[in-house]
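Visitor: See target-v4.pdb below, with PDB, C-alpha atoms.
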ATOM      1  CA  MET A   1      81.829  42.048  92.264
ATOM      2  CA  SER A   2      78.049  41.997  92.429
ATOM      3  CA  SER A   3      76.537  41.521  95.871
ATOM      4  CA  PHE A   4      74.993  38.124  96.437
ATOM      5  CA  ASP A   5      71.713  39.801  97.348
ATOM      6  CA  LYS A   6      71.390  40.927  93.726
ATOM      7  CA  ILE A   7      72.007  37.373  92.485
ATOM      8  CA  GLN A   8      69.482  35.906  94.933
ATOM      9  CA  LYS A   9      66.788  38.420  93.944
ATOM     10  CA  ARG A  10      67.324  37.565  90.280
ATOM     11  CA  ALA A  11      67.060  33.836  91.052
ATOM     12  CA  ALA A  12      63.872  34.362  93.046
ATOM     13  CA  LYS A  13      62.299  36.372  90.231
ATOM     14  CA  ARG A  14      63.152  33.665  87.682
ATOM     15  CA  LYS A  15      61.703  30.879  89.841
ATOM     16  CA  GLY A  16      58.493  32.620  90.837
ATOM     17  CA  GLY A  17      59.357  34.247  94.135
ATOM     18  CA  GLU A  18      61.547  33.821  97.203
ATOM     19  CA  LYS A  19      59.264  31.185  98.729
ATOM     20  CA  VAL A  20      59.542  28.981  95.632
ATOM     21  CA  LEU A  21      63.292  29.534  95.494
ATOM     22  CA  GLN A  22      63.689  28.438  99.124
ATOM     23  CA  SER A  23      61.636  25.303  98.467
ATOM     24  CA  LEU A  24      64.138  24.270  95.772
ATOM     25  CA  LEU A  25      67.150  24.401  98.072
ATOM     26  CA  PRO A  26      68.293  20.969  99.373
ATOM     27  CA  ASN A  27      68.812  19.936 102.973
ATOM     28  CA  ILE A  28      72.412  19.724 104.191
ATOM     29  CA  SER A  29      73.794  17.181 106.619
ATOM     30  CA  SER A  30      75.255  18.539 109.836
ATOM     31  CA  LYS A  31      78.949  18.058 110.494
ATOM     32  CA  ASN A  32      78.018  15.605 113.241
ATOM     33  CA  LYS A  33      75.820  13.528 110.926
ATOM     34  CA  LEU A  34      78.512  13.496 108.253
ATOM     35  CA  SER A  35      81.122  12.302 110.746
ATOM     36  CA  ARG A  36      78.864   9.356 111.716
ATOM     37  CA  LEU A  37      78.574   8.023 108.154
ATOM     38  CA  SER A  38      79.697   4.424 107.873
ATOM     39  CA  ASP A  39      82.469   3.662 105.399
ATOM     40  CA  ASP A  40      80.233   1.311 103.400
ATOM     41  CA  ARG A  41      77.827   4.199 102.665
ATOM     42  CA  VAL A  42      80.747   6.366 101.601
ATOM     43  CA  LEU A  43      82.031   3.705  99.201
ATOM     44  CA  SER A  44      78.513   3.143  97.874
ATOM     45  CA  GLU A  45      78.129   6.841  97.055
ATOM     46  CA  MET A  46      81.596   7.015  95.513
ATOM     47  CA  ALA A  47      80.729   4.074  93.283
ATOM     48  CA  LYS A  48      77.344   5.514  92.330
ATOM     49  CA  ARG A  49      78.922   8.798  91.243
ATOM     50  CA  VAL A  50      81.635   6.999  89.261
ATOM     51  CA  PHE A  51      79.123   4.782  87.453
ATOM     52  CA  SER A  52      76.781   7.743  86.849
ATOM     53  CA  ALA A  53      79.483   9.807  85.140
ATOM     54  CA  GLY A  54      78.694   9.928  81.417
ATOM     55  CA  PHE A  55      75.695   7.630  81.923
ATOM     56  CA  VAL A  56      71.941   8.021  82.454
ATOM     57  CA  TRP A  57      71.559   8.574  86.191
ATOM     58  CA  LYS A  58      68.084   7.029  86.363
ATOM     59  CA  VAL A  59      69.386   3.748  84.911
ATOM     60  CA  VAL A  60      72.127   3.627  87.539
ATOM     61  CA  GLU A  61      69.621   4.415  90.292
ATOM     62  CA  ASN A  62      67.242   1.672  89.149
ATOM     63  CA  LYS A  63      70.020  -0.908  89.127
ATOM     64  CA  TRP A  64      71.507   0.149  92.457
ATOM     65  CA  PRO A  65      69.936  -2.615  94.598
ATOM     66  CA  GLY A  66      71.804  -5.056  92.358
ATOM     67  CA  PHE A  67      75.023  -3.107  92.886
ATOM     68  CA  GLU A  68      74.556  -3.282  96.655
ATOM     69  CA  GLU A  69      74.123  -7.054  96.484
ATOM     70  CA  VAL A  70      76.968  -7.751  94.087
ATOM     71  CA  PHE A  71      79.446  -5.494  95.888
ATOM     72  CA  LEU A  72      78.664  -7.036  99.310
ATOM     73  CA  GLY A  73      76.942  -3.957 100.670
ATOM     74  CA  PHE A  74      80.052  -1.941  99.740
ATOM     75  CA  ASP A  75      81.811  -3.009 102.933
ATOM     76  CA  PRO A  76      85.435  -1.989 102.197
ATOM     77  CA  ALA A  77      86.997  -4.611 104.477
ATOM     78  CA  LYS A  78      84.956  -7.455 102.971
ATOM     79  CA  LEU A  79      85.672  -6.338  99.425
ATOM     80  CA  LEU A  80      89.410  -6.120 100.001
ATOM     81  CA  LYS A  81      89.435  -9.740 101.175
ATOM     82  CA  GLN A  82      88.000 -10.947  97.867
ATOM     83  CA  PRO A  83      90.369 -12.703  95.432
ATOM     84  CA  ASN A  84      91.006 -11.578  91.870
ATOM     85  CA  ARG A  85      88.498 -14.111  90.519
ATOM     86  CA  PHE A  86      85.708 -12.317  92.424
ATOM     87  CA  TRP A  87      86.525  -9.059  90.632
ATOM     88  CA  ASP A  88      87.043 -10.744  87.264
ATOM     89  CA  ALA A  89      83.568 -12.313  87.454
ATOM     90  CA  LEU A  90      81.869  -8.952  87.986
ATOM     91  CA  GLY A  91      82.451  -8.019  84.355
ATOM     92  CA  ALA A  92      79.830 -10.597  83.350
ATOM     93  CA  ASN A  93      77.278  -9.888  86.100
ATOM     94  CA  GLU A  94      74.055  -8.494  84.617
ATOM     95  CA  LYS A  95      72.916  -7.048  87.942
ATOM     96  CA  ILE A  96      75.370  -4.184  87.492
ATOM     97  CA  ILE A  97      76.686  -2.014  84.672
ATOM     98  CA  ARG A  98      79.468  -4.118  83.193
ATOM     99  CA  ASN A  99      82.180  -1.547  82.760
ATOM    100  CA  ALA A 100      85.483  -3.138  83.737
ATOM    101  CA  GLN A 101      87.316   0.144  84.309
ATOM    102  CA  LYS A 102      84.611   1.498  86.598
ATOM    103  CA  ILE A 103      84.299  -1.819  88.426
ATOM    104  CA  SER A 104      88.013  -1.648  89.223
ATOM    105  CA  THR A 105      87.543   1.758  90.872
ATOM    106  CA  VAL A 106      85.440   0.144  93.603
ATOM    107  CA  ARG A 107      88.391  -1.983  94.675
ATOM    108  CA  ARG A 108      90.814   0.939  94.591
ATOM    109  CA  ASN A 109      88.441   3.286  96.412
ATOM    110  CA  ALA A 110      87.782   0.627  99.062
ATOM    111  CA  GLN A 111      91.526   0.652  99.768
ATOM    112  CA  PHE A 112      91.511   4.471  99.766
ATOM    113  CA  ILE A 113      88.700   4.551 102.329
ATOM    114  CA  VAL A 114      90.353   1.972 104.591
ATOM    115  CA  GLU A 115      93.614   3.945 104.608
ATOM    116  CA  ILE A 116      91.867   7.230 105.428
ATOM    117  CA  ALA A 117      89.683   5.592 108.103
ATOM    118  CA  ARG A 118      92.759   4.080 109.726
ATOM    119  CA  GLU A 119      94.173   7.577 110.163
ATOM    120  CA  HIS A 120      91.004   9.558 110.932
ATOM    121  CA  GLY A 121      88.614   7.038 112.484
ATOM    122  CA  SER A 122      86.291   6.958 109.479
ATOM    123  CA  PHE A 123      86.050   8.527 106.049
ATOM    124  CA  GLY A 124      82.985  10.474 107.155
ATOM    125  CA  LYS A 125      84.964  12.018 110.000
ATOM    126  CA  PHE A 126      87.727  12.902 107.556
ATOM    127  CA  LEU A 127      85.193  14.709 105.326
ATOM    128  CA  ALA A 128      83.573  16.473 108.279
ATOM    129  CA  ASP A 129      86.912  17.680 109.648
ATOM    130  CA  TRP A 130      88.243  19.074 106.372
ATOM    131  CA  PRO A 131      87.869  22.902 106.508
ATOM    132  CA  ILE A 132      84.676  24.012 104.802
ATOM    133  CA  GLN A 133      86.546  27.022 103.369
ATOM    134  CA  ASP A 134      88.863  24.719 101.378
ATOM    135  CA  GLN A 135      86.641  22.605  99.145
ATOM    136  CA  ILE A 136      89.080  23.018  96.255
ATOM    137  CA  GLY A 137      91.811  21.462  98.397
ATOM    138  CA  LEU A 138      89.538  18.549  99.299
ATOM    139  CA  LEU A 139      88.614  17.963  95.667
ATOM    140  CA  ASP A 140      92.292  17.953  94.749
ATOM    141  CA  PHE A 141      92.963  15.368  97.471
ATOM    142  CA  LEU A 142      90.118  13.125  96.258
ATOM    143  CA  SER A 143      91.361  13.390  92.683
ATOM    144  CA  LYS A 144      94.942  12.500  93.586
ATOM    145  CA  HIS A 145      94.292   9.716  96.092
ATOM    146  CA  GLY A 146      90.972   8.227  94.995
ATOM    147  CA  SER A 147      90.053   6.541  91.730
ATOM    148  CA  ARG A 148      88.036   8.541  89.185
ATOM    149  CA  LEU A 149      87.023  11.087  91.820
ATOM    150  CA  GLY A 150      88.281  14.146  89.980
ATOM    151  CA  GLY A 151      86.299  16.866  88.219
ATOM    152  CA  ASN A 152      82.519  16.797  88.398
ATOM    153  CA  THR A 153      82.466  13.298  89.897
ATOM    154  CA  GLY A 154      84.245  14.497  93.039
ATOM    155  CA  GLN A 155      81.928  17.498  93.310
ATOM    156  CA  TYR A 156      78.799  15.375  92.971
ATOM    157  CA  PHE A 157      80.175  12.869  95.476
ATOM    158  CA  LEU A 158      80.545  15.613  98.093
ATOM    159  CA  ARG A 159      77.065  16.950  97.360
ATOM    160  CA  PHE A 160      75.316  13.571  97.434
ATOM    161  CA  ILE A 161      77.182  12.346 100.516
ATOM    162  CA  GLY A 162      75.765  15.366 102.327
ATOM    163  CA  ARG A 163      78.793  17.625 102.729
ATOM    164  CA  ASP A 164      78.094  21.328 102.352
ATOM    165  CA  SER A 165      79.640  22.061  98.952
ATOM    166  CA  PHE A 166      79.381  23.917  95.669
ATOM    167  CA  ILE A 167      79.171  22.382  92.200
ATOM    168  CA  LEU A 168      80.875  24.206  89.352
ATOM    169  CA  SER A 169      78.240  23.637  86.710
ATOM    170  CA  SER A 170      78.288  25.738  83.563
ATOM    171  CA  ASP A 171      75.562  27.970  85.049
ATOM    172  CA  VAL A 172      77.498  28.517  88.276
ATOM    173  CA  ILE A 173      80.607  29.452  86.291
ATOM    174  CA  LEU A 174      78.462  31.799  84.182
ATOM    175  CA  CYS A 175      77.038  33.372  87.340
ATOM    176  CA  LEU A 176      80.515  33.942  88.766
ATOM    177  CA  ARG A 177      81.672  35.569  85.526
ATOM    178  CA  ASP A 178      78.537  37.705  85.345
ATOM    179  CA  ALA A 179      79.148  38.818  88.928
ATOM    180  CA  GLY A 180      82.586  40.105  87.900
ATOM    181  CA  LEU A 181      85.018  37.283  88.690
ATOM    182  CA  PRO A 182      87.719  37.326  85.954
ATOM    183  CA  LEU A 183      87.770  33.607  85.178
ATOM    184  CA  SER A 184      89.417  32.057  82.124
ATOM    185  CA  SER A 185      87.353  30.497  79.341
ATOM    186  CA  THR A 186      87.198  27.115  81.098
ATOM    187  CA  GLY A 187      87.050  28.254  84.703
ATOM    188  CA  LYS A 188      89.130  25.213  85.654
ATOM    189  CA  SER A 189      92.697  26.467  85.956
ATOM    190  CA  LYS A 190      94.431  26.466  89.337
ATOM    191  CA  LYS A 191      94.134  30.258  89.409
ATOM    192  CA  ASP A 192      90.425  30.082  88.527
ATOM    193  CA  LEU A 193      89.697  27.536  91.260
ATOM    194  CA  SER A 194      91.511  29.641  93.841
ATOM    195  CA  MET A 195      89.438  32.701  92.875
ATOM    196  CA  ILE A 196      86.225  30.668  92.948
ATOM    197  CA  GLN A 197      86.945  29.322  96.427
ATOM    198  CA  LYS A 198      87.723  32.812  97.742
ATOM    199  CA  GLN A 199      84.518  34.207  96.244
ATOM    200  CA  PHE A 200      82.357  31.476  97.743
ATOM    201  CA  ASN A 201      84.044  32.128 101.090
ATOM    202  CA  VAL A 202      83.234  35.847 100.782
ATOM    203  CA  TRP A 203      79.599  35.171  99.887
ATOM    204  CA  ALA A 204      79.221  32.612 102.688
ATOM    205  CA  GLU A 205      80.505  35.141 105.225
ATOM    206  CA  GLU A 206      78.433  37.936 103.688
ATOM    207  CA  THR A 207      75.139  36.028 103.685
ATOM    208  CA  GLY A 208      75.420  33.309 106.313
ATOM    209  CA  LEU A 209      74.198  30.860 103.670
ATOM    210  CA  SER A 210      75.650  27.411 103.121
ATOM    211  CA  TYR A 211      77.943  26.771 100.164
ATOM    212  CA  THR A 212      75.346  24.361  98.783
ATOM    213  CA  HIS A 213      72.623  27.003  98.802
ATOM    214  CA  ILE A 214      74.894  29.683  97.347
ATOM    215  CA  SER A 215      75.793  27.297  94.543
ATOM    216  CA  ARG A 216      72.176  26.405  93.793
ATOM    217  CA  ILE A 217      71.011  30.020  93.897
ATOM    218  CA  CYS A 218      73.801  30.946  91.485
ATOM    219  CA  ALA A 219      72.678  28.215  89.095
ATOM    220  CA  PHE A 220      69.047  29.339  89.329
ATOM    221  CA  SER A 221      69.963  32.978  88.648
ATOM    222  CA  ILE A 222      71.264  32.586  85.095
ATOM    223  CA  GLY A 223      71.249  30.382  82.002
ATOM    224  CA  GLU A 224      68.379  28.070  81.034
ATOM    225  CA  ASN A 225      65.401  28.801  83.291
ATOM    226  CA  TYR A 226      63.729  25.479  84.062
ATOM    227  CA  SER A 227      60.387  25.448  85.853
ATOM    228  CA  ALA A 228      60.233  24.818  89.586
ATOM    229  CA  GLU A 229      58.524  21.499  88.851
ATOM    230  CA  MET A 230      61.387  20.351  86.616
ATOM    231  CA  GLU A 231      63.945  21.494  89.195
ATOM    232  CA  GLU A 232      62.183  19.524  91.944
ATOM    233  CA  GLU A 233      62.133  16.402  89.773
ATOM    234  CA  TYR A 234      65.870  16.802  89.094
TER
END
Reformat the file's structure so that it appears as structure tokens.
Guide:
Amino acid sequence: MSSFDKIQKRAAKRKGGEKVLQSLLPNISSKNKLSRLSDDRVLSEMAKRVFSAGFVWKVVENKWPGFEEVFLGFDPAKLLKQPNRFWDALGANEKIIRNAQKISTVRRNAQFIVEIAREHGSFGKFLADWPIQDQIGLLDFLSKHGSRLGGNTGQYFLRFIGRDSFILSSDVILCLRDAGLPLSSTGKSKKDLSMIQKQFNVWAEETGLSYTHISRICAFSIGENYSAEMEEEY
């Protein structure tokens, strides 16, 4: 396997230097801050990632104040008290994206959050306490117990909620292969995911970097080389 130092130097060269590269790396919430997240903010982010999947993110973002209003501030307890007619009416509400299947995930994920919070104190605490070296296990749990939280949606949820995490974009997979990890053509098999987790763990220990920063540096090191300005806008 290539050392991560080699990957980071290549990323820095492509982006215009180490200083520019560092400026493109996002902030990461502390474990303490993550554990203090209220369940309504967790449900809001879950819903935003679900509605953004396969859709133009900017449109979802622009309509989000309407989502917050219509879904009662995404308070799980309030939402679970609403009768079926409340949920049926949402399919005709122009303040949100009227996708019945995605609307139904809000109700199911509200129940998911309440059940986890009952056991762990809050969903944020549950996320903060899950071992950082087992993101693949956490993603599997979200996929099995949540609604539409599998695949990229689960990965983006963890990233946007502030948990230190990697995203297996096509460029990150390409970087891992280029570094010598013998992944399959999709990079998504159970064996692949186990190898990916182990490699991120090795790089995190080797460099002292967060999983988020390792992931971003990998993506910057290979594939389409967008300008720093475009990366910042993204």
Visitor: Let me know the residues the PyMOL selection byres ((chain A and resi 147-157) around 9) catches in the file above, as a PyMOL selection string.
Guide: chain A and resi 42+45-46+48-50+52-53+102+104-106+108-109+112+139-146+158-163+165-169
Visitor: Quote the spacing between atom CA of Lys95 of chain A and atom CA of Gly124 of chain A in Å to one decimal place.
Guide: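 Computing the Euclidean distance for atom CA of Lys95 of chain A and atom CA of Gly124 of chain A yields 27.9 Å.
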Visitor: If we count all atoms listed in the file, what is near segment 1-6 of chain A at a cut-off of 9 Å, once residues fewer than 5 positions away on the same chain are taken out, given as a list in words?
Guide: Ala11, Leu176, Asp178, Ala179, Gly180, Leu181, Trp203, Glu206, Thr207, Ile214 and Cys218 of chain A
Visitor: When the PyMOL selection byres ((chain A and resi 123) around 9) is applied to the file above, which residues end up in the set, as a PyMOL selection string?
Guide: chain A and resi 35+37-39+42+113-118+120-122+124-128
Visitor: Report, in Å to a single decimal, how far apart atom CA of Gln197 of chain A and atom CA of Gln135 of chain A are.
Guide: 7.3 Å
Visitor: Quick one: pull the distance between atom CA of Arg177 of chain A and atom CA of Ile217 of chain A, Å, one decimal.
Guide: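 Atom CA of Ile217 of chain A lies 14.6 Å from atom CA of Arg177 of chain A.
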Visitor: Would you please work out which residue, of A:Phe51, A:Ala219, A:Ala89, A:Leu34, is nearest to Ala12 of chain A when using all atoms listed in the file?
Guide: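 So, comparing all the options, the nearest one is A:Ala219.
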Visitor: Put the listed atoms of segment 66-78 of chain A in a box along x, y and z with 5 Å added on every side and give me the centre and edge lengths in Å to one decimal, as lines of an AutoDock Vina configuration file.
Guide:
center_x = 79.4
center_y = -4.8
center_z = 98.4
size_x = 25.2
size_y = 15.8
size_z = 22.1
Visitor: Can you pull out the residues contacting segment 73-80 of chain A? Cut-off 8 Å, using all atoms listed in the file, and skip same-chain residues under 3 positions away; I want them as a PyMOL selection string.
Guide: chain A and resi 39-41+43-44+68-70+107+110-111+113-114
Visitor: Extract, using all atoms listed in the file, all DNA, RNA and protein residues at most 10 Å from Ile132 of chain A, discarding same-chain residues fewer than 6 positions from it, and format them as a list in words.
Guide: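 Neighbouring residues, sequence-local ones excluded: Leu138, Arg163, Asp164, Ser165, Asn201, Ser210 and Tyr211 of chain A.
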Visitor: Nearest residue to Lys188 of chain A out of A:Ile173, A:Ala92, A:Ala204, A:Val20, using only C-alpha atoms?
Guide: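 Of the candidates, the smallest distance to Lys188 of chain A is held by A:Ile173.
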Visitor: Can you work out which one of A:Glu224, A:Glu94, A:Asp134, A:Glu231 has the shortest atom-to-atom distance to Cys175 of chain A, counting all atoms listed in the file?
Guide: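 Selected residue with least distance to Cys175 of chain A: A:Glu224.
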Visitor: For each of A:Ile136, A:Leu21, A:Leu209, A:Ile96, take the minimum atom-to-atom distance to Pro65 of chain A, counting only C-alpha atoms, then give the residue where this is smallest.
Guide: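 Ranked by minimum distance to Pro65 of chain A, first place goes to A:Ile96.
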Visitor: My list of candidates is A:Asp129, A:Trp57, A:Gln101, A:Gly187. Which is closest to Lys33 of chain A when distances are computed with only C-alpha atoms?
Guide: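 Closest to Lys33 of chain A of all the choices is A:Asp129.
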Visitor: With a distance cut-off of 9 Å and all atoms listed in the file, select the neighbouring residues of Leu90 of chain A, excluding the residue or stretch itself and same-chain residues fewer than 3 positions from it, and output the selection as a list in words.
Guide: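 Result of the neighbour search: Val70, Phe71, Arg85, Phe86, Trp87, Asn93, Glu94, Ile96, Arg98, Ala100 and Ile103 of chain A.
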Visitor: For Met230 of chain A, which residue among A:His213, A:Arg36, A:Lys31, A:Lys15 is the nearest when counting only C-alpha atoms?
Guide: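 Of all the options, A:Lys15 lies closest to Met230 of chain A.
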Visitor: Around the point (59.9, 27.5, 87.8) in the file's coordinates, collect all residues with an atom within 7 Å, using all atoms listed in the file, and return them as a PyMOL selection string.
Guide: chain A and resi 14-16+226-229
